[in-house]
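This report concerns only the one structure given below.
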Amino acid sequence: MDADTRLKRLRFRAWHRGTREADYMIGGYFDAHHARWTAAELEWFEALLEEQDVDIIGWAMGSIPVPPAWDGPMMERMRSLDFVKIT
């Protein structure tokens, strides 16, 4: 799959999670940061999208511990929540 198609697919998956809260958190994170991601970071995000929304939200909000596989700079940026803009 070419890079443009991959990004469009990831954006769609990030913004269509099933709940408005997850859409804003995960989709907003994608929109705010994806342009600067490396190939490895894109792969991390793509894999993260396979996780349950309740887990991703819990990790980002700090209500549940982040598993070592997901802990690191990408999750730290997600935990800042400064990218969430609700209109």
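Chain labels A, B, ... are given in the sequence in which chains occur in the structure tokens; within each chain residues are numbered consecutively from 1, and ligands are likewise numbered from 1 in the order shown.
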Practice task
Would you mind listing what lies within 10 Å of A:Ile64 as a PyMOL selection string, with only C-alpha atoms counted and same-chain residues fewer than 5 positions away left out?
Solution key: chain A and resi 54-59
With N, CA, C and O atoms retained, write the just-selected residues as a PDB file, in the first residue's frame.
ATOM      1  N   VAL A  54     -11.215   1.349  25.334  1.00  0.00           N
ATOM      2  CA  VAL A  54     -11.228   1.561  26.785  1.00  0.00           C
ATOM      3  C   VAL A  54      -9.809   1.470  27.349  1.00  0.00           C
ATOM      4  O   VAL A  54      -9.455   2.218  28.265  1.00  0.00           O
ATOM      5  N   ASP A  55      -8.985   0.597  26.790  1.00  0.00           N
ATOM      6  CA  ASP A  55      -7.597   0.491  27.244  1.00  0.00           C
ATOM      7  C   ASP A  55      -6.784   1.707  26.806  1.00  0.00           C
ATOM      8  O   ASP A  55      -6.059   2.298  27.614  1.00  0.00           O
ATOM      9  N   ILE A  56      -6.909   2.089  25.544  1.00  0.00           N
ATOM     10  CA  ILE A  56      -6.158   3.238  25.034  1.00  0.00           C
ATOM     11  C   ILE A  56      -6.507   4.492  25.833  1.00  0.00           C
ATOM     12  O   ILE A  56      -5.618   5.239  26.252  1.00  0.00           O
ATOM     13  N   ILE A  57      -7.785   4.710  26.062  1.00  0.00           N
ATOM     14  CA  ILE A  57      -8.221   5.886  26.822  1.00  0.00           C
ATOM     15  C   ILE A  57      -7.696   5.822  28.252  1.00  0.00           C
ATOM     16  O   ILE A  57      -7.213   6.813  28.800  1.00  0.00           O
ATOM     17  N   GLY A  58      -7.775   4.660  28.869  1.00  0.00           N
ATOM     18  CA  GLY A  58      -7.263   4.494  30.231  1.00  0.00           C
ATOM     19  C   GLY A  58      -5.769   4.768  30.312  1.00  0.00           C
ATOM     20  O   GLY A  58      -5.308   5.423  31.257  1.00  0.00           O
ATOM     21  N   TRP A  59      -5.001   4.284  29.346  1.00  0.00           N
ATOM     22  CA  TRP A  59      -3.562   4.541  29.336  1.00  0.00           C
ATOM     23  C   TRP A  59      -3.285   6.020  29.170  1.00  0.00           C
ATOM     24  O   TRP A  59      -2.440   6.592  29.853  1.00  0.00           O
TER      25      TRP A  59
END
Exercise for the section: Do a neighbour search on A:Leu48 at 10 Å with only C-alpha atoms, toss out local chain neighbours closer than 2 positions, and write the hits as a ChimeraX atom specification. Expected result: /A:14,26,42-46,50-53,56,69-70,75
Problem - Close residues, A:Lys8 itself excluded, 12 Å, only C-alpha atoms, min 5 positions apart in chain, as a list in words - result: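 These residues fall inside the cut-off: Met1, Asp2, Ala3, Arg13, Ala14, Trp15, Gly27, Phe30, Asp31, His34 and Glu46 of chain A.
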Practice task
Just list the residues in stretch 1-67 of chain A DSSP gives alpha helix (DSSP H) on the backbone, as a ChimeraX atom specification.
Solution key: /A:3-15,20-22,28-33,39-48,53-61
